[in-house]
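A short write-up of the structure that comes next.
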Number of protein chains: 4
Amino acid sequence: MTVHRLAPEPGDFSYTFGVAEPALTIKPGDVVEVHTEDCFGGRVTARGQLPSEVVPFTELNPVSGPIAVAGAEPGDVLAVHFASIVPSRDYAISSLFPYFGTLSGTHETALLHAPLEEPVWWYEVDVNEWTATFRPTGGRGAPVVLPLDPMHGTVGVAPAGGEVRLVVTPSSHGGNMDTPEARAGHTLYLPVNVPGALLALGDGHARQGEGEITGTGLECAMDSVIVVDLIKGAGPLAWPRIESDTHLMSTGSIRPLEDAFRISQKDLVEWTSELAGLDLLDAYQLVSQAGLAPVANVCDPNYTMVAKLPKAVLGGAEAFGGIHARLRAAAADYLAANPKPGPRP
Amino acid sequence: MTVHRLAPEPGDFSYTFGVAEPALTIKPGDVVEVHTEDCFGGRVTARGQLPSEVVPFTELNPVSGPIAVAGAEPGDVLAVHFASIVPSRDYAISSLFPYFGTLSGTHETALLHAPLEEPVWWYEVDVNEWTATFRPTGGRGAPVVLPLDPMHGTVGVAPAGGEVRLVVTPSSHGGNMDTPEARAGHTLYLPVNVPGALLALGDGHARQGEGEITGTGLECAMDSVIVVDLIKGAGPLAWPRIESDTHLMSTGSIRPLEDAFRISQKDLVEWTSELAGLDLLDAYQLVSQAGLAPVANVCDPNYTMVAKLPKAVLGGAEAFGGIHARLRAAAADYLAANPKPGPRP
Amino acid sequence: MTVHRLAPEPGDFSYTFGVAEPALTIKPGDVVEVHTEDCFGGRVTARGQLPSEVVPFTELNPVSGPIAVAGAEPGDVLAVHFASIVPSRDYAISSLFPYFGTLSGTHETALLHAPLEEPVWWYEVDVNEWTATFRPTGGRGAPVVLPLDPMHGTVGVAPAGGEVRLVVTPSSHGGNMDTPEARAGHTLYLPVNVPGALLALGDGHARQGEGEITGTGLECAMDSVIVVDLIKGAGPLAWPRIESDTHLMSTGSIRPLEDAFRISQKDLVEWTSELAGLDLLDAYQLVSQAGLAPVANVCDPNYTMVAKLPKAVLGGAEAFGGIHARLRAAAADYLAANPKPGPRP
Amino acid sequence: MTVHRLAPEPGDFSYTFGVAEPALTIKPGDVVEVHTEDCFGGRVTARGQLPSEVVPFTELNPVSGPIAVAGAEPGDVLAVHFASIVPSRDYAISSLFPYFGTLSGTHETALLHAPLEEPVWWYEVDVNEWTATFRPTGGRGAPVVLPLDPMHGTVGVAPAGGEVRLVVTPSSHGGNMDTPEARAGHTLYLPVNVPGALLALGDGHARQGEGEITGTGLECAMDSVIVVDLIKGAGPLAWPRIESDTHLMSTGSIRPLEDAFRISQKDLVEWTSELAGLDLLDAYQLVSQAGLAPVANVCDPNYTMVAKLPKAVLGGAEAFGGIHARLRAAAADYLAANPKPGPRP
């Protein structure tokens, strides 16, 4: 097991997904310990600072990478297993950006309202207790202790067709999907669109509700460990997929929300049909009765939906040749040797 | 505890929500044992029948009721606690209606495609084992045994403003919301828009995935028990809400899906603000980090989203004066005396 | 030519479309001189009044009617020709209702913003010059003289299936479509869903831009003249249609806007196919290259789109047996005997 | 007046908007005679060929360029005046791409339907008569002679933030907006996001209806003449704008359609406020009553709406210092010396 370390200095972060010089090149099966900055680029350092004032718009949401995977070619599928995601600091920050968030007019849902206020919430993060504490800013109500559930909001590869996309916009290449399902113990499958795939990740959230309705989670820098592998020729993969020990998940990232829903559900129906050996309409029926549909984000330039099926209904069929279980085992080996805070996923 | 029984004969079902002669009048706190027909009006009785041929369009989705609640006045809130929902027959039916369902062109998303095929799935329902068995219709793949999770797809009251709405269209009066959260052990809160409220329900599903993507769940007649109560002056309630032992839920039923999402989230933020004594933006933040957002339906003339918050974050505050716990206890008393199949919720 | 007069007193207006006692019964081909109130019910009578304060929400948008048409049966098509639409007063009013309008958060697009301000614009209406004068309320900029182009925002019939709908919500029964195409010289085709059809109209605008983005046009009471006829057995008509001397138009009223667009375009494609004797895909092609697509409203509870085709591409085919030309001639006869202000349409 | 010529050979076309080596560098005020290929890259050359088979997906919609404009810097506005747009061949082609078009399931509105058929329509183009002739492919109905109204579906610049976008997706950098308003005699204003602006154009349509509902117009190669100028420091421009002799137009290109509508209307309101010296809400009111809202496309990965205001209501105010009139005059000079087919715009 080869273990790499990627810890970008200020100035070394990326702000787009696209073909670029790799920050690191690895082999399939390698482990990467990766440090990511928070969505503010670490620039919000003191209470009283307004993110919209201290962070240049073009430097929001930095990602660490790109990581080239040797041998990855268009048509392959990249498997990114999250072995561990641990907040780097003892605080996390959430805020309301002007004209951003589900319950605000935005640059896309363009209205004439003045922006909402821009409160900033500082959460105390305790990785030993595995909690984060919410404190109201308005002078009323009590603090609330919430369990940590760390995740990466942004994980993606270079898009197809020579496109270069801002990190903030999720699409078929992954990117800023902002789903809590990108948590430790889960495997994310991404399309390989260019040689080397060019994986990058960032935007850690100590936790986040479904929908990320304020537009921010508990934003924090992360020390994460990923195991990256390649499934040769298993693609092309139309949209990112996720696997946990118990569920298969398809994603769709687009506007409007019903199209994100349709894309994710259609992909899950097709995946189910293939794995369970069912006719397409039988798979449609099975997903219709057994599936879950948690919202990921309704705040980014594209919205993300997740379609989710219990693996128990698949009669033992394994996705992508059972790679999730193998990566899970590799992660367990790594973690046995390198213990990290947090519940063993 | 007064127990009523409502078991409509063919011809006695309702097909609209609106002011109409009550089928039953009850007092707040009464129990109603209610029989509901399946969404096909019980007309699909043999394999080989096509629902689109044997069920007149105007007789889809019959509801039992309306039930008038003595003393209910506009501005009150109606609490409907589902004590028990048990399939009446040993089968349930699911099918694809032409131009209906998430992954089909519809009368609203009007396209030029020919309709999808109309397969019909017969599920064997076993209320002792509490399972339903899916059998593929296409000749490939294996049967799948699924746990029962019975619910009512359609529960609503007379709309405001003198409107009369088809049962199939969910809106602020409730109706065909098709959420699995309308299950036994949960309490549904509905606005009272007219004297007596005029509650009606039907469209039982032995289970249903989130989104009801084929447009049908495991459709079956139900023998249900509800406890109905009134919270005087607690309204007006803009949209239906739901409470379980562990969660508060707000709903929104409209198109497009992002507006259903916005409505449900805004209502939950306002409810949280009120219960936890938080400023509105603090409540927005708390819901953003702790909330869940399961899809209800993306197939009906209006789509339904659910916004869901763990009650644990509310510091012990109780919704509507703790009525859920009282109705839960009343239901337990009833069920102790009148045991029903299914796990004790 | 039988001429009726319908001039409701306060208290005689309707606020829903649905089965109700007719205010007037006419025969096919009859003329009706109809007085309609403005959308405020005539309650805004002095500068400085805020519509949101002086008009009860339930008394917005009164309609005159219903008018029963003898012999109308479900499956027929009702033809409503606007012979003349003339403002009744020398002023018209426009305003911003709180949480209403394209560029505002609304009750459907539910956000956390405070409402926009509620300015009220009084336009001077001169029916001799056929102009209305806009005066800025903010103290900057010059008045603008605009040509009149009077229309009825709300024209509809009783819905199908026993539904009763608020006047404010356009749907397949017509209603508050708010299209400038409901102007003098045009014929509106509506489905007959119940015996007598039960036509009602109101919500006159001295003019309105496409989209009605503030949520109000130049709202004014109207003295209008319509010729109403029946096309037996020509339906069922899925959605309202409009005919002018030069164009055929289909409408769709629903949310989201792309579904309103799809419905209107599909209906126009099918209508073109039927009239021009083209295969459906050939009609799709012809409409794609020759069609226009003006927005009607993007402010009401349902949005309305119009799909519009020059009749010149139809090779002389006539819609509904040429009834538009006959009603146009009848209107000309009436107007010759009863001259009205405004350009001869 | 310096006149350039840009006539790319096969292999010299571009398929993305982004920073790239210029094909031509010009000075502000220069004229460019530009040849563009049709959206099929000229590969459909014989009846019976299916575009989906003979055109690789990655080679759809080639654009000619990029053209660098000397001195253009971020924050400037680029003015592109269409002096003349003339079909290069005596035919134009339209077709139904699988899973493309308003009335089809698409890759975004993902459904389970089989694709619609793929008919191909060959139009005879006569630039002397200025007509194109539609011939039905289905064996029924008569040919229809339509007037030419040539336009460029795709005109754009390099996006901001280092993004590179496929030519097919319109956004704030312009691109595949597919509006008939990009016709001869009109001036298109684009943001300058990178030094040199990097203008490119293509996708000529001999004509197109509003909405481009089949997904294709009368696709043809074009010989066009543009006059390109620079308005220093007039930006940043959020979205492309268009000016004709009679109207100002704002655009919005995004999904869903209501957001494209909101963006275009808000931009027009702000532009009107600035030009007419009106408070924002007064401008909102004026646009609401005097504005038009023609659909551009509802088929591309982003939909495009146009918001349109008669210049007559602006009291003589001139956009961008009257540059449209100056470019119009320069175009007239060029055309006097170099006559082209078509009506003098």
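The chains in the structure tokens are called A, B, ... from first to last as shown; in each chain the residues are counted from 1, and the ligands are counted from 1 in the order shown.
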
Using only C-alpha atoms, which residues sit within 9 Å of A:Pro51 once same-chain residues fewer than 2 positions away are excluded, as a PDB file with all heavy atoms, in the first residue's frame?
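For reference, out.pdb as written:
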```pdb
ATOM      1  N   PHE A  40     -13.789  28.964   2.448  1.00  0.00           N
ATOM      2  CA  PHE A  40     -13.359  30.369   2.477  1.00  0.00           C
ATOM      3  C   PHE A  40     -11.861  30.482   2.209  1.00  0.00           C
ATOM      4  O   PHE A  40     -11.288  31.570   2.335  1.00  0.00           O
ATOM      5  CB  PHE A  40     -13.663  30.987   3.851  1.00  0.00           C
ATOM      6  CG  PHE A  40     -15.076  30.785   4.315  1.00  0.00           C
ATOM      7  CD1 PHE A  40     -15.382  29.943   5.380  1.00  0.00           C
ATOM      8  CD2 PHE A  40     -16.129  31.435   3.676  1.00  0.00           C
ATOM      9  CE1 PHE A  40     -16.685  29.751   5.806  1.00  0.00           C
ATOM     10  CE2 PHE A  40     -17.437  31.247   4.103  1.00  0.00           C
ATOM     11  CZ  PHE A  40     -17.715  30.401   5.169  1.00  0.00           C
ATOM     12  N   ARG A  43      -9.576  32.085   4.955  1.00  0.00           N
ATOM     13  CA  ARG A  43      -9.395  33.534   5.138  1.00  0.00           C
ATOM     14  C   ARG A  43     -10.271  34.120   6.236  1.00  0.00           C
ATOM     15  O   ARG A  43     -10.063  35.260   6.651  1.00  0.00           O
ATOM     16  CB  ARG A  43      -9.700  34.260   3.828  1.00  0.00           C
ATOM     17  CG  ARG A  43      -8.631  34.026   2.767  1.00  0.00           C
ATOM     18  CD  ARG A  43      -9.154  34.466   1.396  1.00  0.00           C
ATOM     19  NE  ARG A  43      -8.187  34.185   0.345  1.00  0.00           N
ATOM     20  CZ  ARG A  43      -7.313  35.075  -0.119  1.00  0.00           C
ATOM     21  NH1 ARG A  43      -7.285  36.292   0.367  1.00  0.00           N
ATOM     22  NH2 ARG A  43      -6.465  34.750  -1.072  1.00  0.00           N
ATOM     23  N   VAL A  44     -11.291  33.377   6.635  1.00  0.00           N
ATOM     24  CA  VAL A  44     -12.101  33.871   7.757  1.00  0.00           C
ATOM     25  C   VAL A  44     -11.459  33.345   9.033  1.00  0.00           C
ATOM     26  O   VAL A  44     -11.539  32.158   9.349  1.00  0.00           O
ATOM     27  CB  VAL A  44     -13.562  33.409   7.641  1.00  0.00           C
ATOM     28  CG1 VAL A  44     -14.376  33.950   8.815  1.00  0.00           C
ATOM     29  CG2 VAL A  44     -14.164  33.867   6.321  1.00  0.00           C
ATOM     30  N   GLN A  49     -15.524  39.007  11.075  1.00  0.00           N
ATOM     31  CA  GLN A  49     -15.230  39.116   9.642  1.00  0.00           C
ATOM     32  C   GLN A  49     -16.414  38.632   8.810  1.00  0.00           C
ATOM     33  O   GLN A  49     -17.032  37.617   9.137  1.00  0.00           O
ATOM     34  CB  GLN A  49     -14.012  38.265   9.285  1.00  0.00           C
ATOM     35  CG  GLN A  49     -12.710  38.789   9.866  1.00  0.00           C
ATOM     36  CD  GLN A  49     -11.555  37.843   9.542  1.00  0.00           C
ATOM     37  OE1 GLN A  49     -11.717  36.625   9.565  1.00  0.00           O
ATOM     38  NE2 GLN A  49     -10.407  38.420   9.240  1.00  0.00           N
ATOM     39  N   GLU A  53     -16.621  39.844   2.436  1.00  0.00           N
ATOM     40  CA  GLU A  53     -15.649  40.931   2.368  1.00  0.00           C
ATOM     41  C   GLU A  53     -14.211  40.436   2.374  1.00  0.00           C
ATOM     42  O   GLU A  53     -13.346  41.066   1.767  1.00  0.00           O
ATOM     43  CB  GLU A  53     -15.865  41.900   3.545  1.00  0.00           C
ATOM     44  CG  GLU A  53     -17.171  42.673   3.416  1.00  0.00           C
ATOM     45  CD  GLU A  53     -17.377  43.674   4.542  1.00  0.00           C
ATOM     46  OE1 GLU A  53     -16.555  43.702   5.478  1.00  0.00           O
ATOM     47  OE2 GLU A  53     -18.376  44.416   4.479  1.00  0.00           O
ATOM     48  N   VAL A  54     -13.956  39.340   3.071  1.00  0.00           N
ATOM     49  CA  VAL A  54     -12.550  38.927   3.191  1.00  0.00           C
ATOM     50  C   VAL A  54     -12.145  37.855   2.169  1.00  0.00           C
ATOM     51  O   VAL A  54     -10.961  37.583   2.000  1.00  0.00           O
ATOM     52  CB  VAL A  54     -12.203  38.442   4.623  1.00  0.00           C
ATOM     53  CG1 VAL A  54     -12.465  39.555   5.629  1.00  0.00           C
ATOM     54  CG2 VAL A  54     -12.958  37.180   4.987  1.00  0.00           C
ATOM     55  N   VAL A  55     -13.134  37.252   1.482  1.00  0.00           N
ATOM     56  CA  VAL A  55     -12.787  36.228   0.487  1.00  0.00           C
ATOM     57  C   VAL A  55     -13.113  36.736  -0.911  1.00  0.00           C
ATOM     58  O   VAL A  55     -14.283  36.986  -1.207  1.00  0.00           O
ATOM     59  CB  VAL A  55     -13.557  34.910   0.732  1.00  0.00           C
ATOM     60  CG1 VAL A  55     -12.946  33.787  -0.101  1.00  0.00           C
ATOM     61  CG2 VAL A  55     -13.562  34.538   2.201  1.00  0.00           C
ATOM     62  N   PRO A  56     -12.101  36.900  -1.768  1.00  0.00           N
ATOM     63  CA  PRO A  56     -12.414  37.263  -3.158  1.00  0.00           C
ATOM     64  C   PRO A  56     -13.283  36.179  -3.782  1.00  0.00           C
ATOM     65  O   PRO A  56     -13.026  34.977  -3.576  1.00  0.00           O
ATOM     66  CB  PRO A  56     -11.040  37.306  -3.842  1.00  0.00           C
ATOM     67  CG  PRO A  56     -10.041  37.368  -2.740  1.00  0.00           C
ATOM     68  CD  PRO A  56     -10.669  36.716  -1.544  1.00  0.00           C
ATOM     69  N   SER A  95     -22.184  30.557   7.172  1.00  0.00           N
ATOM     70  CA  SER A  95     -22.639  31.941   6.980  1.00  0.00           C
ATOM     71  C   SER A  95     -23.657  31.989   5.865  1.00  0.00           C
ATOM     72  O   SER A  95     -23.878  31.011   5.162  1.00  0.00           O
ATOM     73  CB  SER A  95     -21.451  32.844   6.641  1.00  0.00           C
ATOM     74  OG  SER A  95     -21.010  32.592   5.331  1.00  0.00           O
ATOM     75  N   LEU A  96     -24.304  33.133   5.745  1.00  0.00           N
ATOM     76  CA  LEU A  96     -25.197  33.392   4.612  1.00  0.00           C
ATOM     77  C   LEU A  96     -24.469  34.308   3.625  1.00  0.00           C
ATOM     78  O   LEU A  96     -24.259  35.484   3.924  1.00  0.00           O
ATOM     79  CB  LEU A  96     -26.468  34.104   5.070  1.00  0.00           C
ATOM     80  CG  LEU A  96     -27.423  33.358   5.988  1.00  0.00           C
ATOM     81  CD1 LEU A  96     -28.706  34.176   6.163  1.00  0.00           C
ATOM     82  CD2 LEU A  96     -27.764  31.988   5.430  1.00  0.00           C
ATOM     83  N   PHE A  97     -24.102  33.786   2.475  1.00  0.00           N
ATOM     84  CA  PHE A  97     -23.572  34.657   1.432  1.00  0.00           C
ATOM     85  C   PHE A  97     -24.710  35.458   0.810  1.00  0.00           C
ATOM     86  O   PHE A  97     -25.806  34.927   0.615  1.00  0.00           O
ATOM     87  CB  PHE A  97     -22.919  33.839   0.311  1.00  0.00           C
ATOM     88  CG  PHE A  97     -21.484  33.548   0.548  1.00  0.00           C
ATOM     89  CD1 PHE A  97     -21.114  32.355   1.134  1.00  0.00           C
ATOM     90  CD2 PHE A  97     -20.507  34.474   0.211  1.00  0.00           C
ATOM     91  CE1 PHE A  97     -19.782  32.082   1.373  1.00  0.00           C
ATOM     92  CE2 PHE A  97     -19.173  34.199   0.441  1.00  0.00           C
ATOM     93  CZ  PHE A  97     -18.806  32.999   1.025  1.00  0.00           C
ATOM     94  N   GLU A 118     -26.079  38.934   6.624  1.00  0.00           N
ATOM     95  CA  GLU A 118     -24.983  37.966   6.488  1.00  0.00           C
ATOM     96  C   GLU A 118     -24.429  37.559   7.855  1.00  0.00           C
ATOM     97  O   GLU A 118     -23.290  37.871   8.187  1.00  0.00           O
ATOM     98  CB  GLU A 118     -23.871  38.568   5.619  1.00  0.00           C
ATOM     99  CG  GLU A 118     -22.772  37.559   5.264  1.00  0.00           C
ATOM    100  CD  GLU A 118     -21.659  38.160   4.390  1.00  0.00           C
ATOM    101  OE1 GLU A 118     -21.821  39.293   3.902  1.00  0.00           O
ATOM    102  OE2 GLU A 118     -20.632  37.483   4.222  1.00  0.00           O
ATOM    103  N   VAL A 120     -22.727  35.195  10.646  1.00  0.00           N
ATOM    104  CA  VAL A 120     -21.669  34.176  10.591  1.00  0.00           C
ATOM    105  C   VAL A 120     -21.741  33.363  11.879  1.00  0.00           C
ATOM    106  O   VAL A 120     -21.754  33.922  12.974  1.00  0.00           O
ATOM    107  CB  VAL A 120     -20.282  34.844  10.459  1.00  0.00           C
ATOM    108  CG1 VAL A 120     -19.188  33.774  10.370  1.00  0.00           C
ATOM    109  CG2 VAL A 120     -20.242  35.754   9.242  1.00  0.00           C
TER     110      VAL A 120
END
```

**Q.** All strand (DSSP E) positions in stretch 109-274 of chain A, as a ChimeraX atom specification
**A.** /A:120-126,131-134,144-147,151-156,165-166,174-175,187-191,199-205,222-231,241-243,247-254

Compile the residues of chain A that lie within 7 Å of chain D, evaluated using only C-alpha atoms, and express the compilation as a tab-separated table (two decimals) with all heavy atoms, in the first residue's frame.
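Full text of out-v9.tsv as output:
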```tsv
chain	number	residue	atom	x	y	z
A	108	GLU	N	-29.21	33.38	-10.06
A	108	GLU	CA	-29.96	32.61	-11.05
A	108	GLU	C	-31.46	32.87	-10.91
A	108	GLU	O	-32.14	33.13	-11.89
A	108	GLU	CB	-29.68	31.10	-10.87
A	108	GLU	CG	-28.24	30.71	-11.17
A	108	GLU	CD	-27.27	30.94	-10.01
A	108	GLU	OE1	-27.76	31.06	-8.86
A	108	GLU	OE2	-26.05	30.99	-10.24
A	109	THR	N	-31.97	32.76	-9.70
A	109	THR	CA	-33.37	33.12	-9.43
A	109	THR	C	-33.34	34.61	-9.09
A	109	THR	O	-33.37	35.02	-7.93
A	109	THR	CB	-33.93	32.25	-8.29
A	109	THR	OG1	-33.80	30.87	-8.66
A	109	THR	CG2	-35.41	32.56	-8.03
A	110	ALA	N	-33.23	35.40	-10.16
A	110	ALA	CA	-32.89	36.83	-10.04
A	110	ALA	C	-34.12	37.65	-9.68
A	110	ALA	O	-35.08	37.71	-10.45
A	110	ALA	CB	-32.29	37.31	-11.35
A	111	LEU	N	-34.10	38.28	-8.52
A	111	LEU	CA	-35.23	39.07	-8.02
A	111	LEU	C	-34.74	40.46	-7.64
A	111	LEU	O	-33.55	40.76	-7.72
A	111	LEU	CB	-35.84	38.35	-6.82
A	111	LEU	CG	-36.22	36.88	-7.06
A	111	LEU	CD1	-36.71	36.24	-5.76
A	111	LEU	CD2	-37.28	36.76	-8.14
A	163	GLU	N	-14.01	20.81	-21.61
A	163	GLU	CA	-14.57	21.85	-20.76
A	163	GLU	C	-13.73	22.06	-19.51
A	163	GLU	O	-13.07	21.15	-19.00
A	163	GLU	CB	-16.00	21.49	-20.35
A	163	GLU	CG	-17.03	21.83	-21.41
A	163	GLU	CD	-18.43	22.06	-20.84
A	163	GLU	OE1	-18.87	21.21	-20.05
A	163	GLU	OE2	-19.08	23.05	-21.20
A	164	VAL	N	-13.79	23.29	-19.01
A	164	VAL	CA	-13.22	23.64	-17.71
A	164	VAL	C	-14.34	24.30	-16.92
A	164	VAL	O	-14.97	25.25	-17.42
A	164	VAL	CB	-12.02	24.61	-17.86
A	164	VAL	CG1	-11.49	25.00	-16.49
A	164	VAL	CG2	-10.92	23.98	-18.71
A	165	ARG	N	-14.63	23.79	-15.74
A	165	ARG	CA	-15.75	24.32	-14.96
A	165	ARG	C	-15.28	24.87	-13.62
A	165	ARG	O	-14.40	24.29	-12.98
A	165	ARG	CB	-16.80	23.22	-14.71
A	165	ARG	CG	-17.38	22.57	-15.96
A	165	ARG	CD	-18.06	23.56	-16.89
A	165	ARG	NE	-19.06	24.39	-16.25
A	165	ARG	CZ	-20.35	24.07	-16.13
A	165	ARG	NH1	-20.79	22.93	-16.62
A	165	ARG	NH2	-21.20	24.90	-15.56
A	166	LEU	N	-15.91	25.93	-13.20
A	166	LEU	CA	-15.64	26.46	-11.87
A	166	LEU	C	-15.94	25.38	-10.82
A	166	LEU	O	-16.88	24.59	-10.99
A	166	LEU	CB	-16.53	27.68	-11.61
A	166	LEU	CG	-16.20	28.92	-12.45
A	166	LEU	CD1	-17.18	30.05	-12.11
A	166	LEU	CD2	-14.77	29.39	-12.22
A	255	ARG	N	-30.18	21.90	-13.05
A	255	ARG	CA	-31.39	22.63	-12.72
A	255	ARG	C	-32.39	22.37	-13.82
A	255	ARG	O	-31.99	22.18	-14.95
A	255	ARG	CB	-31.08	24.13	-12.63
A	255	ARG	CG	-30.18	24.50	-11.46
A	255	ARG	CD	-29.48	25.80	-11.69
A	255	ARG	NE	-30.38	26.84	-12.04
A	255	ARG	CZ	-30.97	27.68	-11.19
A	255	ARG	NH1	-30.68	27.61	-9.92
A	255	ARG	NH2	-31.79	28.59	-11.59
A	256	PRO	N	-33.72	22.37	-13.62
A	256	PRO	CA	-34.35	22.50	-12.32
A	256	PRO	C	-34.22	21.22	-11.49
A	256	PRO	O	-33.75	20.20	-11.99
A	256	PRO	CB	-35.81	22.77	-12.67
A	256	PRO	CG	-36.02	22.03	-13.94
A	256	PRO	CD	-34.71	22.17	-14.69
A	259	ASP	N	-35.35	17.86	-12.85
A	259	ASP	CA	-34.46	17.20	-13.80
A	259	ASP	C	-33.29	16.52	-13.07
A	259	ASP	O	-32.86	15.43	-13.48
A	259	ASP	CB	-33.95	18.18	-14.85
A	259	ASP	CG	-34.96	18.38	-15.98
A	259	ASP	OD1	-36.00	17.68	-15.99
A	259	ASP	OD2	-34.73	19.23	-16.85
A	262	ARG	N	-34.94	13.42	-11.97
A	262	ARG	CA	-35.13	12.46	-13.07
A	262	ARG	C	-33.81	11.78	-13.43
A	262	ARG	O	-33.75	10.56	-13.62
A	262	ARG	CB	-35.68	13.19	-14.30
A	262	ARG	CG	-37.15	13.60	-14.19
A	262	ARG	CD	-37.52	14.57	-15.31
A	262	ARG	NE	-38.95	14.90	-15.31
A	262	ARG	CZ	-39.44	16.13	-15.50
A	262	ARG	NH1	-38.62	17.16	-15.70
A	262	ARG	NH2	-40.74	16.34	-15.48
A	263	ILE	N	-32.75	12.56	-13.58
A	263	ILE	CA	-31.46	11.98	-13.96
A	263	ILE	C	-31.00	10.95	-12.94
A	263	ILE	O	-30.58	9.85	-13.29
A	263	ILE	CB	-30.41	13.11	-14.10
A	263	ILE	CG1	-30.66	13.90	-15.39
A	263	ILE	CG2	-28.99	12.55	-14.08
A	263	ILE	CD1	-29.81	15.16	-15.52
A	266	LYS	N	-33.30	7.84	-13.09
A	266	LYS	CA	-33.12	7.04	-14.30
A	266	LYS	C	-31.81	6.25	-14.22
A	266	LYS	O	-31.75	5.08	-14.59
A	266	LYS	CB	-33.13	7.93	-15.54
A	266	LYS	CG	-33.08	7.12	-16.82
A	266	LYS	CD	-32.96	7.97	-18.06
A	266	LYS	CE	-32.94	7.08	-19.30
A	266	LYS	NZ	-32.39	7.79	-20.46
```

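Between atom CA of A:Val287 and atom CA of B:Glu212 there is a distance of 9.0 Å.
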
Q. Do you have the atom CA of B:Gly29-atom CA of B:Glu274 distance handy?
A. 25.6 Å

**Q.** d(atom CA of B:Gly65, atom CA of B:Ala200) in Å
**A.** 4.4 Å

Q: Select, from B:Ala317, B:Leu268, B:Val63, B:Ile93, the residue with the minimum atom-to-atom distance to B:Gln285, counting only C-alpha atoms.
A: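 Result for the nearest residue to B:Gln285: B:Leu268.
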
Could the residues of stretch 113-154 of chain D that have an atom at most 9 Å from stretch 184-193 of chain D be listed as JSON lines, each with its closest atom pair and the distance in Å to one decimal, counting only C-alpha atoms and ordered by chain and ascending residue number?
```
{"residue": "D:Asp149", "atom": "CA", "partner": "D:Ala184", "partner_atom": "CA", "distance": 8.6}
{"residue": "D:Pro150", "atom": "CA", "partner": "D:Ala184", "partner_atom": "CA", "distance": 7.5}
{"residue": "D:Met151", "atom": "CA", "partner": "D:Ala184", "partner_atom": "CA", "distance": 7.1}
```

Using all heavy atoms, can you write the selected residues to a file as a compact mmCIF listing (two decimals), in the first residue's frame?
```txt
# COMPACT_ATOMS: atom_id res chain seq x y z
N ASP D 149 -35.07 34.63 -42.81
CA ASP D 149 -34.78 35.58 -41.72
C ASP D 149 -33.49 35.09 -41.06
O ASP D 149 -33.50 34.61 -39.93
CB ASP D 149 -35.95 35.61 -40.73
CG ASP D 149 -35.76 36.66 -39.65
OD1 ASP D 149 -34.85 37.52 -39.78
OD2 ASP D 149 -36.51 36.63 -38.64
N PRO D 150 -32.37 35.23 -41.77
CA PRO D 150 -31.12 34.58 -41.32
C PRO D 150 -30.58 35.17 -40.02
O PRO D 150 -30.72 36.36 -39.75
CB PRO D 150 -30.15 34.85 -42.48
CG PRO D 150 -31.01 35.18 -43.65
CD PRO D 150 -32.20 35.88 -43.07
N MET D 151 -29.95 34.32 -39.25
CA MET D 151 -29.47 34.66 -37.92
C MET D 151 -28.32 33.71 -37.56
O MET D 151 -28.16 32.66 -38.18
CB MET D 151 -30.59 34.48 -36.91
CG MET D 151 -31.27 33.11 -37.02
SD MET D 151 -32.26 32.62 -35.61
CE MET D 151 -30.99 31.92 -34.53
```

(Q) With only C-alpha atoms as the counted atoms, please give the residues lying no more than 12 Å from stretch 327-342 of chain C, apart from itself and same-chain residues fewer than 6 positions off, as a PyMOL selection string. (A) chain C and resi 1-3+28-33+79-88+126-131+147-150+183-188+206+223-230+243-245+320-321

Q: Find the spatial neighbours of D:Val144, counting only C-alpha atoms, within a cut-off of 12 Å - ignore same-chain residues fewer than 5 positions away - and output them as a PyMOL selection string.
A: (chain C and resi 276+278+282-283+285-287+289-290+310-316) or (chain D and resi 123-124+131-136)

Q. Hey, what's within 8 Å of A:Ile26 if we count only C-alpha atoms and toss same-chain stuff fewer than 4 positions away? As a PyMOL selection string, please?
A. chain A and resi 4+30+67-70
